[in-house]
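> I'd like to ask you about the structure that follows.
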2 protein chains.
Amino acid sequence: MDHTAAEVRLLDAADELFYERGIQAIGMDAIRQRSGVSLKRTYQLFPSKEHLVEAVLRRRDAAVRAEISAYTSARATPNERVLAVFDYLYDWFSQPDFRGCAFINSFAELGGASANVAEIVRAHKQAVADHLAALVAAADRPAPLAAQLLVLANGAMVTAAIVGSPEPARDARAAAQLLLEAKVTG
Amino acid sequence: MDHTAAEVRLLDAADELFYERGIQAIGMDAIRQRSGVSLKRTYQLFPSKEHLVEAVLRRRDAAVRAEISAYTSARATPNERVLAVFDYLYDWFSQPDFRGCAFINSFAELGGASANVAEIVRAHKQAVADHLAALVAAADRPAPLAAQLLVLANGAMVTAAIVGSPEPARDARAAAQLLLEAKVTG
DNA sequence: ACTCGGTGAGAACGGTCGTTCTCCGACTGG
DNA sequence: CCAGTCGGAGAACGACCGTTCTCACCGAGT
């Protein structure tokens, strides 16, 4: 197993464990056990747990953004592309291991203690907001709608996690559709 | 200091510390230091840290619900009562020590590890949802609007915490107003 | 005055965590 | 075949946590 493979296994294992049980609840030994990478190698690749946490979040940021882009760009009309965001959320929330948004959870757990984590989370949400703004602009809707859609998406994530149901994605989608229509004539 | 006073000081101290820095990051010694209540007394009143955490969340649940009720019932018309929820959020988000919703944060930190915490958070959000449903019914709006308002409120809380600005409350309020109007004719 | 239940301050205990170190076996180049 | 480097397994370390214990002290009842 070369360094690249070890890094991938570490990031995979840490991402799964952090998401399932939270960051502080996972010890480095659990990551070693799931990844099969020794502690020595782990600390060569990531000099501290915080470095590993940040790398996990950065990789997930790229993955989530790519997934959202794939979902939205697969739709034909600008309106459908906006609403596709909430279809993406519904599919995600329906997965049995869904436990909320990893960025929101990480911010809740460490945002007060780690400025780096807080900044990564902020940048991720800003990137999603930028994507939404582009979709809104392409649909010729007023710019403030993008901020409202971001609130709806974040709200759907936390509400679905807490109530344990994917339905909030439908609620958010219905609200988004009404806002999309209201804005066109209002 | 009698038992009642000690309990209040403990709950005050724990609530502040948990909210500021997260639950797992706070040791019982920090709570003793801020509250001035000895460890022995603390463990007489709350047999474990988890008991204390649950008591803190339950007390905050009652306080938040009372505050929302006070805010909404102070308005004259049913429509204004619905929108008052988002004015409440704006005032809350504007406080300098705002760090998101304690229930959402606790769920993110412990929802996977503590079924009791998860249930208290779920019950709190359900109570807020019930309150919103009553406001929506009083305004003669269709019931599904309540679920959309809950998503907007939860989304405003996490978005405001992450971006460090109270503006998401305004975004959510504008969306709520449009939904309130759209639903009346749709 | 003298017990005595209960208190506070803080040490102690067992466990876990992040991180480092030790030791040993395995591979490499000659 | 061998010296030397590397990596793995896991012990070790120091710190901290939740919880309990020790012990000296205080106030109430007799």
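Labels for the structure tokens follow display order: chains A, B, ..., residues from 1 in each chain, ligands from 1.
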Contacts of DG25 of chain C at 12 Å or less, counting only C-alpha atoms (C1' of nucleotides), minus same-chain residues fewer than 5 places along, as a ChimeraX atom specification?
/D:6-9
> Mind the document's chain letters and residue numbers, and return as a PyMOL selection string the residues of segment 13-81 of chain B that DSSP labels alpha helix (DSSP H).
chain B and resi 13-21+28-35+39-45+49-73+78-81
> Could you please take those selected residues and save N, CA and C atoms as a short mmCIF file (atom, residue, chain, number, x, y, z; two decimals), in the first residue's frame?

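The result, stored in part-v4.cif:
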```
data_model
loop_
_atom_site.label_atom_id
_atom_site.label_comp_id
_atom_site.auth_asym_id
_atom_site.auth_seq_id
_atom_site.Cartn_x
_atom_site.Cartn_y
_atom_site.Cartn_z
N ALA B 13 -24.88 27.81 34.67
CA ALA B 13 -23.48 27.68 34.26
C ALA B 13 -23.34 26.66 33.14
N ALA B 14 -23.97 25.52 33.30
CA ALA B 14 -23.85 24.47 32.27
C ALA B 14 -24.43 24.96 30.95
N ASP B 15 -25.55 25.63 31.00
CA ASP B 15 -26.19 26.10 29.78
C ASP B 15 -25.27 27.07 29.04
N GLU B 16 -24.71 28.00 29.77
CA GLU B 16 -23.82 28.97 29.13
C GLU B 16 -22.59 28.28 28.52
N LEU B 17 -21.97 27.42 29.31
CA LEU B 17 -20.73 26.78 28.83
C LEU B 17 -21.01 25.84 27.66
N PHE B 18 -22.04 25.02 27.77
CA PHE B 18 -22.37 24.10 26.68
C PHE B 18 -22.65 24.88 25.40
N TYR B 19 -23.39 25.97 25.54
CA TYR B 19 -23.77 26.73 24.35
C TYR B 19 -22.54 27.40 23.73
N GLU B 20 -21.66 27.91 24.59
CA GLU B 20 -20.49 28.62 24.07
C GLU B 20 -19.51 27.70 23.37
N ARG B 21 -19.24 26.54 23.99
CA ARG B 21 -18.12 25.74 23.51
C ARG B 21 -18.48 24.30 23.16
N MET B 28 -16.71 18.69 33.87
CA MET B 28 -17.49 18.99 35.06
C MET B 28 -16.79 20.02 35.93
N ASP B 29 -15.50 20.07 35.88
CA ASP B 29 -14.76 21.03 36.69
C ASP B 29 -15.01 22.47 36.24
N ALA B 30 -15.16 22.65 34.94
CA ALA B 30 -15.46 24.00 34.45
C ALA B 30 -16.84 24.44 34.94
N ILE B 31 -17.76 23.49 35.01
CA ILE B 31 -19.10 23.82 35.49
C ILE B 31 -19.04 24.16 36.99
N ARG B 32 -18.25 23.41 37.71
CA ARG B 32 -18.09 23.70 39.13
C ARG B 32 -17.50 25.10 39.33
N GLN B 33 -16.51 25.41 38.51
CA GLN B 33 -15.86 26.71 38.65
C GLN B 33 -16.83 27.85 38.38
N ARG B 34 -17.59 27.74 37.28
CA ARG B 34 -18.49 28.85 36.94
C ARG B 34 -19.69 28.93 37.88
N SER B 35 -20.19 27.77 38.32
CA SER B 35 -21.40 27.77 39.15
C SER B 35 -21.10 28.02 40.62
N LEU B 39 -18.54 19.64 43.44
CA LEU B 39 -18.81 18.44 42.67
C LEU B 39 -19.75 17.50 43.41
N LYS B 40 -19.55 17.41 44.73
CA LYS B 40 -20.39 16.51 45.51
C LYS B 40 -21.87 16.91 45.39
N ARG B 41 -22.12 18.17 45.57
CA ARG B 41 -23.48 18.66 45.46
C ARG B 41 -24.02 18.46 44.04
N THR B 42 -23.15 18.72 43.07
CA THR B 42 -23.58 18.56 41.69
C THR B 42 -24.07 17.13 41.43
N TYR B 43 -23.31 16.16 41.92
CA TYR B 43 -23.67 14.76 41.65
C TYR B 43 -24.84 14.31 42.52
N GLN B 44 -25.15 15.06 43.58
CA GLN B 44 -26.37 14.76 44.31
C GLN B 44 -27.59 15.21 43.50
N LEU B 45 -27.45 16.36 42.87
CA LEU B 45 -28.59 16.91 42.12
C LEU B 45 -28.73 16.26 40.75
N LYS B 49 -23.27 13.50 34.14
CA LYS B 49 -23.23 14.63 33.22
C LYS B 49 -24.40 14.57 32.24
N GLU B 50 -24.75 13.38 31.82
CA GLU B 50 -25.85 13.26 30.87
C GLU B 50 -27.17 13.75 31.48
N HIS B 51 -27.39 13.45 32.76
CA HIS B 51 -28.58 13.99 33.41
C HIS B 51 -28.59 15.52 33.37
N LEU B 52 -27.42 16.09 33.64
CA LEU B 52 -27.32 17.55 33.63
C LEU B 52 -27.58 18.10 32.23
N VAL B 53 -27.00 17.46 31.24
CA VAL B 53 -27.22 17.90 29.86
C VAL B 53 -28.70 17.87 29.53
N GLU B 54 -29.37 16.81 29.90
CA GLU B 54 -30.79 16.68 29.57
C GLU B 54 -31.61 17.75 30.31
N ALA B 55 -31.26 18.00 31.56
CA ALA B 55 -31.99 19.02 32.32
C ALA B 55 -31.78 20.40 31.69
N VAL B 56 -30.57 20.67 31.26
CA VAL B 56 -30.30 21.95 30.61
C VAL B 56 -31.15 22.10 29.36
N LEU B 57 -31.20 21.05 28.55
CA LEU B 57 -31.97 21.13 27.31
C LEU B 57 -33.46 21.28 27.60
N ARG B 58 -33.95 20.57 28.60
CA ARG B 58 -35.38 20.66 28.91
C ARG B 58 -35.73 22.07 29.40
N ARG B 59 -34.87 22.65 30.24
CA ARG B 59 -35.16 24.00 30.71
C ARG B 59 -35.12 24.99 29.56
N ARG B 60 -34.16 24.83 28.67
CA ARG B 60 -34.06 25.74 27.53
C ARG B 60 -35.25 25.57 26.60
N ASP B 61 -35.72 24.35 26.47
CA ASP B 61 -36.91 24.10 25.65
C ASP B 61 -38.08 24.93 26.16
N ALA B 62 -38.32 24.86 27.45
CA ALA B 62 -39.44 25.63 28.03
C ALA B 62 -39.23 27.13 27.82
N ALA B 63 -37.98 27.59 28.03
CA ALA B 63 -37.72 29.03 27.91
C ALA B 63 -37.92 29.51 26.48
N VAL B 64 -37.41 28.74 25.53
CA VAL B 64 -37.53 29.16 24.12
C VAL B 64 -38.99 29.19 23.71
N ARG B 65 -39.73 28.18 24.09
CA ARG B 65 -41.13 28.14 23.69
C ARG B 65 -41.90 29.30 24.31
N ALA B 66 -41.59 29.63 25.55
CA ALA B 66 -42.27 30.76 26.18
C ALA B 66 -41.91 32.06 25.46
N GLU B 67 -40.65 32.18 25.07
CA GLU B 67 -40.22 33.41 24.40
C GLU B 67 -40.91 33.56 23.04
N ILE B 68 -40.99 32.45 22.31
CA ILE B 68 -41.67 32.51 21.01
C ILE B 68 -43.14 32.88 21.21
N SER B 69 -43.77 32.27 22.20
CA SER B 69 -45.17 32.58 22.46
C SER B 69 -45.36 34.05 22.77
N ALA B 70 -44.45 34.58 23.61
CA ALA B 70 -44.56 35.99 23.96
C ALA B 70 -44.43 36.86 22.72
N TYR B 71 -43.49 36.53 21.87
CA TYR B 71 -43.26 37.31 20.66
C TYR B 71 -44.45 37.28 19.72
N THR B 72 -44.98 36.08 19.49
CA THR B 72 -46.05 35.98 18.49
C THR B 72 -47.36 36.54 19.03
N SER B 73 -47.63 36.30 20.31
CA SER B 73 -48.94 36.74 20.82
C SER B 73 -49.01 38.25 21.00
N PRO B 78 -53.30 37.68 12.57
CA PRO B 78 -52.73 36.33 12.38
C PRO B 78 -51.50 36.33 11.47
N ASN B 79 -51.53 37.08 10.41
CA ASN B 79 -50.37 37.15 9.52
C ASN B 79 -49.14 37.68 10.25
N GLU B 80 -49.34 38.75 11.00
CA GLU B 80 -48.21 39.33 11.74
C GLU B 80 -47.67 38.34 12.78
N ARG B 81 -48.56 37.55 13.33
CA ARG B 81 -48.11 36.57 14.34
C ARG B 81 -47.20 35.53 13.71
#
```
> Using only C-alpha atoms, find each residue of chain B with at least one atom at most 8 Å away from an atom of chain A; report its shortest atom-to-atom pair and that distance in Å (one decimal), sort the rows by chain and rising residue number, and return the result as a Markdown table.

```
| residue | atom | partner | partner_atom | distance |
| --- | --- | --- | --- | --- |
| B:Glu20 | CA | A:Gly112 | CA | 6.9 |
| B:Arg21 | CA | A:Gly112 | CA | 5.5 |
| B:Gly22 | CA | A:Glu109 | CA | 6.1 |
| B:Gln24 | CA | A:Gln24 | CA | 7.7 |
| B:Arg99 | CA | A:Gly112 | CA | 8.0 |
| B:Gly100 | CA | A:Ala108 | CA | 7.8 |
| B:Ile104 | CA | A:Val158 | CA | 7.3 |
| B:Asn105 | CA | A:Ala108 | CA | 4.7 |
| B:Ser106 | CA | A:Ala108 | CA | 7.7 |
| B:Phe107 | CA | A:Ile162 | CA | 7.4 |
| B:Ala108 | CA | A:Asn105 | CA | 4.7 |
| B:Glu109 | CA | A:Glu109 | CA | 5.4 |
| B:Leu110 | CA | A:Gly22 | CA | 7.5 |
| B:Gly112 | CA | A:Arg21 | CA | 5.5 |
| B:Ala113 | CA | A:Arg21 | CA | 6.6 |
| B:Ala118 | CA | A:Ile162 | CA | 7.4 |
| B:Val121 | CA | A:Ile162 | CA | 7.3 |
| B:Arg122 | CA | A:Ile162 | CA | 5.8 |
| B:Pro144 | CA | A:Asp171 | CA | 7.6 |
| B:Ala147 | CA | A:Asp171 | CA | 6.4 |
| B:Gln148 | CA | A:Asp171 | CA | 5.4 |
| B:Leu150 | CA | A:Gly155 | CA | 7.8 |
| B:Val151 | CA | A:Gly155 | CA | 4.5 |
| B:Leu152 | CA | A:Leu152 | CA | 5.5 |
| B:Ala153 | CA | A:Gly155 | CA | 7.0 |
| B:Asn154 | CA | A:Gly155 | CA | 4.8 |
| B:Gly155 | CA | A:Gly155 | CA | 3.3 |
| B:Ala156 | CA | A:Val151 | CA | 5.5 |
| B:Val158 | CA | A:Asn154 | CA | 7.0 |
| B:Thr159 | CA | A:Val151 | CA | 6.4 |
| B:Ile162 | CA | A:Arg122 | CA | 5.8 |
| B:Val163 | CA | A:Arg122 | CA | 6.1 |
| B:Pro168 | CA | A:Val151 | CA | 6.9 |
| B:Asp171 | CA | A:Gln148 | CA | 5.4 |
| B:Ala172 | CA | A:Gln148 | CA | 6.1 |
| B:Ala175 | CA | A:Gln148 | CA | 6.3 |
| B:Leu178 | CA | A:Leu179 | CA | 6.8 |
| B:Leu179 | CA | A:Leu178 | CA | 6.8 |
| B:Ala182 | CA | A:Ala182 | CA | 6.9 |
```
> Could you please determine the separation between atom CA of His131 of chain B and atom CA of Phe86 of chain B in Å, to one decimal place?
13.5 Å
> Quick one: which residues from chain C are at most 9 Å off chain A, using only C-alpha atoms (C1' of nucleotides), as a VMD selection string?
chain C and resid 16 to 19
> If we count only C-alpha atoms (C1' of nucleotides) and set the cut-off at 12 Å, which residues sit around DA24 of chain D, ignoring sequence neighbours fewer than 3 positions away in its own chain? Please answer as a ChimeraX atom specification.
/C:7-10
> Residues of the last selection are to be written out with N, CA and C atoms (P, O5', C5', C4', C3', O3' and C1' of nucleotides), as a short mmCIF file (atom, residue, chain, number, x, y, z; two decimals), in the first residue's frame.

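Output contents, as saved in selection05.cif:
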```cif
data_model
loop_
_atom_site.label_atom_id
_atom_site.label_comp_id
_atom_site.auth_asym_id
_atom_site.auth_seq_id
_atom_site.Cartn_x
_atom_site.Cartn_y
_atom_site.Cartn_z
P DT C 7 -25.53 18.13 52.28
"O5'" DT C 7 -24.23 19.04 52.24
"C5'" DT C 7 -24.22 20.28 52.96
"C4'" DT C 7 -22.80 20.82 52.96
"C3'" DT C 7 -22.18 20.82 51.57
"O3'" DT C 7 -22.05 22.16 51.12
"C1'" DT C 7 -20.67 19.96 53.24
P DG C 8 -21.61 22.45 49.66
"O5'" DG C 8 -20.05 22.73 49.84
"C5'" DG C 8 -19.61 23.56 50.91
"C4'" DG C 8 -18.10 23.68 50.90
"C3'" DG C 8 -17.49 23.78 49.51
"O3'" DG C 8 -16.38 24.69 49.57
"C1'" DG C 8 -16.70 21.80 50.57
P DA C 9 -15.62 25.16 48.29
"O5'" DA C 9 -14.26 24.35 48.38
"C5'" DA C 9 -13.45 24.52 49.53
"C4'" DA C 9 -12.23 23.62 49.42
"C3'" DA C 9 -11.60 23.59 48.02
"O3'" DA C 9 -10.19 23.79 48.16
"C1'" DA C 9 -12.11 21.39 48.75
P DG C 10 -9.28 23.96 46.87
"O5'" DG C 10 -8.72 22.48 46.64
"C5'" DG C 10 -8.25 21.76 47.76
"C4'" DG C 10 -8.21 20.28 47.45
"C3'" DG C 10 -7.60 19.93 46.08
"O3'" DG C 10 -6.63 18.94 46.29
"C1'" DG C 10 -9.54 18.72 46.43
#
```
> With only C-alpha atoms (C1' of nucleotides) considered, list every residue of chain D at most 9 Å from chain B, as a list in words.
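Filtering chain D at 9 Å from chain B with only C-alpha atoms (C1' of nucleotides) gives DC16, DC17, DG18 and DT19 of chain D.
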> For DT3 of chain C, work out the shell of residues within 12 Å, counting only C-alpha atoms (C1' of nucleotides) and skipping chain neighbours fewer than 4 positions away, then give it as a PyMOL selection string.
chain D and resi 27-30
> Once you have the residues from the selection above, write them out as a PDB file, in the first residue's frame, restricted to C-alpha atoms (C1' of nucleotides).

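Here's the written file result.pdb:
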```pdb
ATOM      1  C1'  DG D  27     -24.187  23.685  62.406  1.00  0.00           C
ATOM      2  C1'  DA D  28     -28.138  21.499  64.859  1.00  0.00           C
ATOM      3  C1'  DG D  29     -29.957  18.827  68.446  1.00  0.00           C
ATOM      4  C1'  DT D  30     -29.284  17.143  73.139  1.00  0.00           C
TER       5       DT D  30
END
```
> Report as a PyMOL selection string all protein, DNA and RNA residues lying within 12 Å of segment 1-5 of chain D, evaluated on only C-alpha atoms (C1' of nucleotides), omitting residues in the same chain fewer than 6 positions from it.
chain C and resi 26-30
> Work out how far apart atom CA of Asp130 of chain B and atom CA of Val82 of chain A are and give it in Å to one decimal.
29.6 Å
> So how far away is atom CA of Val128 of chain B from atom CA of Ala84 of chain B, in Å?
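Separating atom CA of Ala84 of chain B from atom CA of Val128 of chain B is a distance of 13.5 Å.
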